[in-house]
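So this block is input-v4.pdb, PDB, C-alpha atoms and all ligand atoms:
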ATOM      1  CA  MET A1113       0.000   0.000   0.000
ATOM      2  CA  GLY A1114       1.196   3.494  -0.762
ATOM      3  CA  ARG A1115       1.822   6.277   1.640
ATOM      4  CA  ILE A1116       1.504  10.039   1.475
ATOM      5  CA  HIS A1117       4.001  12.180   3.340
ATOM      6  CA  LEU A1118       1.988  14.868   5.124
ATOM      7  CA  GLY A1119       4.887  16.819   6.592
ATOM      8  CA  SER A1120       7.145  17.134   9.611
ATOM      9  CA  ILE A1121       6.945  18.832  13.000
ATOM     10  CA  PHE A1122      10.249  19.339  14.847
ATOM     11  CA  GLY A1123      11.757  16.523  12.809
ATOM     12  CA  THR A1124       8.913  14.100  13.506
ATOM     13  CA  THR A1125       7.627  12.894  10.166
ATOM     14  CA  ILE A1126       3.934  12.269   9.543
ATOM     15  CA  ASP A1127       2.867   9.815   6.860
ATOM     16  CA  LEU A1128      -0.590   8.703   5.843
ATOM     17  CA  ASP A1129      -1.015   5.109   4.726
ATOM     18  CA  PHE A1130      -3.805   4.422   2.252
ATOM     19  CA  SER A1131      -5.237   1.910   4.712
ATOM     20  CA  PHE A1132      -6.165   4.916   6.886
ATOM     21  CA  ILE A1133      -8.169   6.365   4.003
ATOM     22  CA  ILE A1134      -9.900   2.997   3.617
ATOM     23  CA  LEU A1135     -10.676   3.015   7.351
ATOM     24  CA  ILE A1136     -12.231   6.476   7.024
ATOM     25  CA  ILE A1137     -14.257   5.459   3.959
ATOM     26  CA  PHE A1138     -15.638   2.370   5.727
ATOM     27  CA  TRP A1139     -16.424   4.393   8.832
ATOM     28  CA  VAL A1140     -18.205   7.130   6.866
ATOM     29  CA  MET A1141     -20.149   4.586   4.800
ATOM     30  CA  SER A1142     -21.417   2.831   7.919
ATOM     31  CA  GLU A1143     -22.400   6.161   9.479
ATOM     32  CA  ILE A1144     -24.254   7.288   6.347
ATOM     33  CA  GLN A1145     -26.879   4.600   6.903
ATOM     34  CA  ALA A1146     -27.210   5.438  10.577
ATOM     35  CA  ALA A1147     -26.979   9.218  10.571
ATOM     36  CA  GLY A1148     -27.074  10.582   7.021
ATOM     37  CA  VAL A1149     -24.382  11.876   4.671
ATOM     38  CA  ARG A1150     -23.739  15.281   6.218
ATOM     39  CA  TYR A1151     -23.237  13.905   9.703
ATOM     40  CA  ALA A1152     -21.211  10.933   8.460
ATOM     41  CA  LEU A1153     -18.765  13.195   6.625
ATOM     42  CA  LEU A1154     -17.902  14.859   9.947
ATOM     43  CA  TRP A1155     -16.054  11.667  10.821
ATOM     44  CA  ILE A1156     -13.340  12.534   8.280
ATOM     45  CA  PRO A1157     -11.926  15.469  10.309
ATOM     46  CA  VAL A1158     -12.852  13.745  13.597
ATOM     47  CA  LEU A1159     -10.811  10.601  12.860
ATOM     48  CA  PHE A1160      -7.925  12.510  11.334
ATOM     49  CA  ILE A1161      -7.632  15.094  14.133
ATOM     50  CA  SER A1162      -8.181  12.565  16.952
ATOM     51  CA  VAL A1163      -5.602  10.044  15.748
ATOM     52  CA  LEU A1164      -2.991  12.627  14.769
ATOM     53  CA  PHE A1165      -3.312  14.603  18.020
ATOM     54  CA  HIS A1166      -2.971  11.388  20.046
ATOM     55  CA  GLU A1167       0.174  10.309  18.167
ATOM     56  CA  LEU A1168       1.688  13.790  18.371
ATOM     57  CA  ALA A1169       1.324  13.579  22.145
ATOM     58  CA  HIS A1170       3.398  10.370  22.200
ATOM     59  CA  ALA A1171       5.982  11.949  19.884
ATOM     60  CA  SER A1172       6.086  15.116  22.020
ATOM     61  CA  MET A1173       6.733  13.162  25.201
ATOM     62  CA  ILE A1174       9.470  11.189  23.433
ATOM     63  CA  GLY A1175      10.995  14.504  22.335
ATOM     64  CA  ILE A1176      10.691  16.020  25.819
ATOM     65  CA  PHE A1177      12.706  13.118  27.228
ATOM     66  CA  GLY A1178      15.412  13.807  24.660
ATOM     67  CA  PHE A1179      14.978  10.787  22.400
ATOM     68  CA  GLY A1180      14.685  12.895  19.280
ATOM     69  CA  PRO A1181      12.125  12.931  16.507
ATOM     70  CA  SER A1182       9.763  10.048  15.790
ATOM     71  CA  HIS A1183       7.896   8.733  12.823
ATOM     72  CA  ILE A1184       4.106   8.920  12.931
ATOM     73  CA  LEU A1185       2.091   6.726  10.623
ATOM     74  CA  LEU A1186      -1.668   7.069  10.297
ATOM     75  CA  GLN A1187      -2.942   3.710   9.150
ATOM     76  CA  GLY A1188      -5.822   1.291   9.096
ATOM     77  CA  ILE A1189      -5.782   0.419  12.776
ATOM     78  CA  GLY A1190      -5.427   4.034  13.831
ATOM     79  CA  GLY A1191      -1.981   5.430  14.316
ATOM     80  CA  VAL A1192       1.471   4.485  15.420
ATOM     81  CA  THR A1193       4.468   6.457  16.649
ATOM     82  CA  VAL A1194       7.812   4.776  16.087
ATOM     83  CA  ASN A1195      11.001   5.906  17.785
ATOM     84  CA  GLU A1196      14.134   3.894  18.420
ATOM     85  CA  ARG A1197      15.293   4.517  21.949
ATOM     86  CA  ARG A1198      16.388   3.006  25.204
ATOM     87  CA  ALA A1199      14.281   4.792  27.751
ATOM     88  CA  ARG A1200      13.914   4.142  31.444
ATOM     89  CA  PRO A1201      10.696   2.317  32.425
ATOM     90  CA  TRP A1202       9.177   5.429  34.026
ATOM     91  CA  GLN A1203       9.888   7.396  30.845
ATOM     92  CA  ASP A1204       8.214   4.734  28.703
ATOM     93  CA  LEU A1205       5.285   4.799  31.136
ATOM     94  CA  PHE A1206       4.876   8.562  30.604
ATOM     95  CA  ILE A1207       5.248   8.134  26.834
ATOM     96  CA  SER A1208       2.469   5.502  26.827
ATOM     97  CA  ALA A1209       0.224   7.560  29.109
ATOM     98  CA  ALA A1210       0.680  10.740  27.057
ATOM     99  CA  GLY A1211      -1.588   9.440  24.284
ATOM    100  CA  PRO A1212      -4.795   8.751  26.247
ATOM    101  CA  LEU A1213      -4.159  11.792  28.446
ATOM    102  CA  SER A1214      -3.912  14.027  25.379
ATOM    103  CA  SER A1215      -7.194  12.609  24.044
ATOM    104  CA  PHE A1216      -8.948  13.509  27.317
ATOM    105  CA  LEU A1217      -7.343  16.967  27.376
ATOM    106  CA  LEU A1218      -8.392  17.635  23.779
ATOM    107  CA  ALA A1219     -11.962  16.613  24.592
ATOM    108  CA  PHE A1220     -11.932  18.882  27.648
ATOM    109  CA  ALA A1221     -10.493  21.830  25.664
ATOM    110  CA  ILE A1222     -13.059  21.420  22.889
ATOM    111  CA  ARG A1223     -15.932  21.289  25.384
ATOM    112  CA  ALA A1224     -14.597  24.359  27.220
ATOM    113  CA  ALA A1225     -14.192  26.304  23.974
ATOM    114  CA  PHE A1226     -17.646  25.263  22.809
ATOM    115  CA  VAL A1227     -19.252  26.513  26.025
ATOM    116  CA  ALA A1228     -17.174  29.694  26.161
ATOM    117  CA  ILE A1229     -17.706  30.793  22.565
ATOM    118  CA  PRO A1230     -21.459  31.141  21.810
ATOM    119  CA  ARG A1231     -20.762  31.819  18.131
ATOM    120  CA  MET A1232     -19.582  28.227  17.771
ATOM    121  CA  GLN A1233     -22.838  26.932  19.233
ATOM    122  CA  HIS A1234     -24.831  28.871  16.625
ATOM    123  CA  ASP A1235     -22.691  27.769  13.704
ATOM    124  CA  PRO A1236     -24.308  24.574  12.336
ATOM    125  CA  PHE A1237     -20.945  23.082  11.291
ATOM    126  CA  PHE A1238     -19.164  23.622  14.605
ATOM    127  CA  ALA A1239     -22.294  22.769  16.584
ATOM    128  CA  ALA A1240     -22.268  19.336  14.921
ATOM    129  CA  LEU A1241     -18.502  18.793  14.685
ATOM    130  CA  LEU A1242     -17.191  19.835  18.093
ATOM    131  CA  PRO A1243     -19.415  17.687  20.361
ATOM    132  CA  LEU A1244     -18.664  14.690  18.122
ATOM    133  CA  LEU A1245     -14.936  15.434  18.221
ATOM    134  CA  ALA A1246     -14.986  15.739  22.013
ATOM    135  CA  GLN A1247     -16.985  12.546  22.428
ATOM    136  CA  ALA A1248     -14.765  10.609  20.028
ATOM    137  CA  ASN A1249     -11.659  11.645  21.962
ATOM    138  CA  ILE A1250     -13.113  10.478  25.261
ATOM    139  CA  VAL A1251     -13.937   7.087  23.744
ATOM    140  CA  TRP A1252     -10.508   7.040  22.069
ATOM    141  CA  GLY A1253      -8.793   7.770  25.372
ATOM    142  CA  PHE A1254     -10.634   5.067  27.313
ATOM    143  CA  PHE A1255     -10.240   2.508  24.523
ATOM    144  CA  ASN A1256      -6.480   3.062  24.469
ATOM    145  CA  LEU A1257      -6.319   2.640  28.240
ATOM    146  CA  LEU A1258      -7.389  -0.996  27.937
ATOM    147  CA  PRO A1259      -4.444  -3.125  29.138
ATOM    148  CA  VAL A1260      -4.471  -5.013  25.869
ATOM    149  CA  LEU A1261      -1.510  -5.326  23.545
ATOM    150  CA  PRO A1262      -0.793  -3.201  21.478
ATOM    151  CA  LEU A1263      -2.817  -0.448  23.164
ATOM    152  CA  ASP A1264      -1.374   2.190  25.474
ATOM    153  CA  GLY A1265      -2.942   0.605  28.559
ATOM    154  CA  TYR A1266      -0.737  -2.434  27.967
ATOM    155  CA  GLY A1267       2.312  -0.176  27.730
ATOM    156  CA  ILE A1268       1.349   1.588  30.947
ATOM    157  CA  VAL A1269       0.985  -1.695  32.849
ATOM    158  CA  ARG A1270       4.173  -3.230  31.463
ATOM    159  CA  ASN A1271       6.305  -0.135  32.002
ATOM    160  CA  PHE A1272       4.918   0.296  35.511
ATOM    161  CA  LEU A1273       5.899  -3.301  36.307
ATOM    162  CA  ARG A1274       9.332  -2.752  34.708
ATOM    163  CA  MET A1275       9.988  -0.177  37.421
ATOM    164  CA  PHE A1276      10.009  -2.946  40.069
ATOM    165  CA  LEU A1277      10.463  -6.237  38.215
ATOM    166  CA  ASN A1278      12.840  -7.520  35.562
ATOM    167  CA  GLU A1279      11.952  -7.172  31.866
ATOM    168  CA  ARG A1280      10.831 -10.733  31.424
ATOM    169  CA  LEU A1281       8.550 -10.916  34.453
ATOM    170  CA  ALA A1282       7.009  -7.533  33.661
ATOM    171  CA  PHE A1283       6.347  -8.724  30.135
ATOM    172  CA  VAL A1284       4.879 -12.081  31.188
ATOM    173  CA  ILE A1285       2.484 -10.496  33.699
ATOM    174  CA  SER A1286       1.310  -7.786  31.308
ATOM    175  CA  ILE A1287       0.854 -10.162  28.368
ATOM    176  CA  TRP A1288      -1.184 -12.521  30.567
ATOM    177  CA  LEU A1289      -3.309  -9.611  31.759
ATOM    178  CA  SER A1290      -3.771  -8.619  28.128
ATOM    179  CA  MET A1291      -4.966 -12.104  27.176
ATOM    180  CA  ILE A1292      -7.279 -12.325  30.197
ATOM    181  CA  VAL A1293      -8.865  -8.974  29.384
ATOM    182  CA  VAL A1294      -9.313  -9.865  25.705
ATOM    183  CA  HIS A1295     -10.987 -13.145  26.592
ATOM    184  CA  SER A1296     -13.071 -11.936  29.525
ATOM    185  CA  VAL A1297     -14.353  -8.670  28.104
ATOM    186  CA  GLU A1298     -16.366  -8.557  24.946
ATOM    187  CA  LEU A1299     -14.149  -6.720  22.533
ATOM    188  CA  PRO A1300     -15.529  -7.205  19.039
ATOM    189  CA  ALA A1301     -13.122  -4.611  17.671
ATOM    190  CA  MET A1302     -10.139  -6.444  19.100
ATOM    191  CA  ALA A1303     -11.083  -9.601  17.243
ATOM    192  CA  VAL A1304     -10.290  -7.939  13.952
ATOM    193  CA  LEU A1305      -7.682  -5.508  15.209
ATOM    194  CA  PRO A1306      -4.496  -6.349  13.379
ATOM    195  CA  LEU A1307      -1.361  -6.548  15.431
ATOM    196  CA  LEU A1308       1.131  -3.987  14.315
ATOM    197  CA  GLN A1309       4.524  -5.251  13.349
ATOM    198  CA  PRO A1310       7.587  -3.237  14.338
ATOM    199  CA  ASP A1311       8.755  -3.132  10.741
ATOM    200  CA  GLY A1312       5.465  -1.600   9.710
ATOM    201  CA  ARG A1313       3.918  -4.733   8.280
ATOM    202  CA  LEU A1314       0.556  -5.825   9.515
ATOM    203  CA  GLY A1315      -0.299  -9.166  10.985
ATOM    204  CA  HIS A1316      -3.500 -10.322  12.510
ATOM    205  CA  ASN A1317      -4.048 -10.783  16.190
ATOM    206  CA  ASP A1318      -5.148 -14.335  15.711
ATOM    207  CA  GLY A1319      -2.750 -16.022  18.068
ATOM    208  CA  ASN A1320      -0.206 -16.641  15.330
ATOM    209  CA  SER A1321       2.883 -17.432  17.354
ATOM    210  CA  SER A1322       5.423 -16.203  14.831
ATOM    211  CA  VAL A1323       3.674 -12.880  14.424
ATOM    212  CA  MET A1324       3.339 -12.561  18.167
ATOM    213  CA  GLY A1325       6.906 -13.725  18.652
ATOM    214  CA  GLN A1326       8.327 -11.102  16.330
ATOM    215  CA  TYR A1327       6.391  -8.381  18.042
ATOM    216  CA  VAL A1328       7.330  -9.595  21.473
ATOM    217  CA  ALA A1329      11.014 -10.006  20.618
ATOM    218  CA  SER A1330      11.315  -6.434  19.440
ATOM    219  CA  ASN A1331       9.075  -5.077  22.160
ATOM    220  CA  VAL A1332      10.992  -6.704  24.979
ATOM    221  CA  THR A1333      14.193  -5.022  23.902
ATOM    222  CA  GLY A1334      12.478  -1.742  24.605
ATOM    223  CA  VAL A1335      13.764  -0.009  21.496
ATOM    224  CA  TRP A1336      10.424   0.337  19.825
ATOM    225  CA  ALA A1337       7.603   2.603  20.845
ATOM    226  CA  VAL A1338       4.972   0.751  18.949
ATOM    227  CA  HIS A1339       1.445   0.987  20.165
ATOM    228  CA  GLY A1340      -1.900   0.803  18.572
ATOM    229  CA  LEU A1341      -4.472   3.432  17.828
TER     230      LEU A1341
HETATM  231 ZN    ZN B1401      -1.390   5.777  21.884
END
Show me the file's structure as structure tokens.
Ligand SMILES: [Zn+2]
Amino acid sequence: MGRIHLGSIFGTTIDLDFSFIILIIFWVMSEIQAAGVRYALLWIPVLFISVLFHELAHASMIGIFGFGPSHILLQGIGGVTVNERRARPWQDLFISAAGPLSSFLLAFAIRAAFVAIPRMQHDPFFAALLPLLAQANIVWGFFNLLPVLPLDGYGIVRNFLRMFLNERLAFVISIWLSMIVVHSVELPAMAVLPLLQPDGRLGHNDGNSSVMGQYVASNVTGVWAVHGL
């Protein structure tokens, strides 16, 4: 699949994979039936802004800790921020947490602006877009907090455990928690959520041991900041 280079911010490159466009098209199509064309089209800026803002928060935290620019890729499962580094566990914990936190902060800022600026409430476009954008970011934030690989919640749990335990034990506990949560909570989205490969290829989260093994091997070394959505 091809990619479009959207630009760079402080050295962090932002690319758009065509699979992200396909995701948006599918999303809009499904919303057209439920809510009509005009409302469904709002999902284009909502998905783009929500995913990009979330990934920029990860990249910003990586930059704040001095690990240099990252590479952001917007793709079919959401977004990913890749940065080769060897960070301390508490730094990786903050980098993981920055994504969901930024989604909540964006939702809060949008709601505050919407209430504070009456002109926005009277503008039909903003009156439809902003509440949807805020709501989507709250859902986005909570979804990413699930302790399920490759979501941020998994990274938070694993990096928290790495602060007290060795790499292997922290990994084993967090991967078991991930599997327990996947199997005990109904997560229809997770069933089809592909597992991101560190080299950018996509595999499916179907229990394929080689796919899982590759991900795990690179993840355990701590050099990749790969996370989903
Ligand atoms: Zn994230």
Once the PyMOL selection byres (((chain A and resi 1271) around 10) and not hetatm) has been applied to the shown file, what residues remain in the selection, as a tab-separated table (two decimals) with C-alpha atoms, keeping the file's coordinate frame?
chain	number	residue	atom	x	y	z
A	1200	ARG	CA	13.91	4.14	31.44
A	1201	PRO	CA	10.70	2.32	32.42
A	1202	TRP	CA	9.18	5.43	34.03
A	1203	GLN	CA	9.89	7.40	30.84
A	1204	ASP	CA	8.21	4.73	28.70
A	1205	LEU	CA	5.28	4.80	31.14
A	1206	PHE	CA	4.88	8.56	30.60
A	1207	ILE	CA	5.25	8.13	26.83
A	1208	SER	CA	2.47	5.50	26.83
A	1265	GLY	CA	-2.94	0.60	28.56
A	1266	TYR	CA	-0.74	-2.43	27.97
A	1267	GLY	CA	2.31	-0.18	27.73
A	1268	ILE	CA	1.35	1.59	30.95
A	1269	VAL	CA	0.98	-1.70	32.85
A	1270	ARG	CA	4.17	-3.23	31.46
A	1272	PHE	CA	4.92	0.30	35.51
A	1273	LEU	CA	5.90	-3.30	36.31
A	1274	ARG	CA	9.33	-2.75	34.71
A	1275	MET	CA	9.99	-0.18	37.42
A	1276	PHE	CA	10.01	-2.95	40.07
A	1277	LEU	CA	10.46	-6.24	38.22
A	1279	GLU	CA	11.95	-7.17	31.87
A	1282	ALA	CA	7.01	-7.53	33.66
A	1283	PHE	CA	6.35	-8.72	30.14
A	1286	SER	CA	1.31	-7.79	31.31
A	1334	GLY	CA	12.48	-1.74	24.60
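Note that atom CA of A:Pro1243 and atom CA of A:Ile1136 are 18.8 Å apart.
If you look at atom CA of A:Ser1162 and atom CA of A:Gly1114, they are 22.0 Å away from each other.
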Would you pick out the contacts of A:Phe1132 at 9 Å or less, using all atoms listed in the file, so that residues sharing its chain but fewer than 3 positions from it are not included, and give the list as a PyMOL selection string? chain A and resi 1128-1129+1135-1137+1160+1186-1191
Write to file, as a short mmCIF file (atom, residue, chain, number, x, y, z; two decimals), keeping the file's coordinate frame, the residues of the selection just made, with C-alpha atoms.
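Saved result, result-v6.cif, follows:
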data_model
loop_
_atom_site.label_atom_id
_atom_site.label_comp_id
_atom_site.auth_asym_id
_atom_site.auth_seq_id
_atom_site.Cartn_x
_atom_site.Cartn_y
_atom_site.Cartn_z
CA LEU A 1128 -0.59 8.70 5.84
CA ASP A 1129 -1.01 5.11 4.73
CA LEU A 1135 -10.68 3.02 7.35
CA ILE A 1136 -12.23 6.48 7.02
CA ILE A 1137 -14.26 5.46 3.96
CA PHE A 1160 -7.92 12.51 11.33
CA LEU A 1186 -1.67 7.07 10.30
CA GLN A 1187 -2.94 3.71 9.15
CA GLY A 1188 -5.82 1.29 9.10
CA ILE A 1189 -5.78 0.42 12.78
CA GLY A 1190 -5.43 4.03 13.83
CA GLY A 1191 -1.98 5.43 14.32
#
Wanna dump the chain A-ligand ZN 1401 (chain B) contacts at 8 Å for me, each residue with its shortest atom pair and the distance in Å to one decimal, counting only C-alpha atoms and all ligand atoms, ordered by chain and number, as a tab-separated table?
residue	atom	partner	partner_atom	distance
A:His1166	CA	B:ZN1401	ZN	6.1
A:Glu1167	CA	B:ZN1401	ZN	6.1
A:His1170	CA	B:ZN1401	ZN	6.6
A:Gly1191	CA	B:ZN1401	ZN	7.6
A:Val1192	CA	B:ZN1401	ZN	7.2
A:Thr1193	CA	B:ZN1401	ZN	7.9
A:Ser1208	CA	B:ZN1401	ZN	6.3
A:Ala1209	CA	B:ZN1401	ZN	7.6
A:Ala1210	CA	B:ZN1401	ZN	7.5
A:Gly1211	CA	B:ZN1401	ZN	4.4
A:Pro1212	CA	B:ZN1401	ZN	6.3
A:Asn1256	CA	B:ZN1401	ZN	6.3
A:Leu1263	CA	B:ZN1401	ZN	6.5
A:Asp1264	CA	B:ZN1401	ZN	5.1
A:His1339	CA	B:ZN1401	ZN	5.8
A:Gly1340	CA	B:ZN1401	ZN	6.0
A:Leu1341	CA	B:ZN1401	ZN	5.6
Quick one: everything within 12 Å of stretch 1219-1225 of chain A, counting all atoms listed in the file, minus sequence neighbours fewer than 2 positions away in the same chain. Send it as a PyMOL selection string. chain A and resi 1158+1161-1162+1165-1166+1212-1217+1227-1233+1238-1239+1241-1254
State, in Å with one decimal place, the distance from atom CA of A:Ala1240 to atom CA of A:Val1163.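 We find that atom CA of A:Ala1240 and atom CA of A:Val1163 lie 19.1 Å from each other.
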Find the residue from A:Ile1126, A:Leu1218, A:Ala1146, A:Ile1174 that sits nearest to A:Arg1197; use all atoms listed in the file when measuring. A:Ile1174
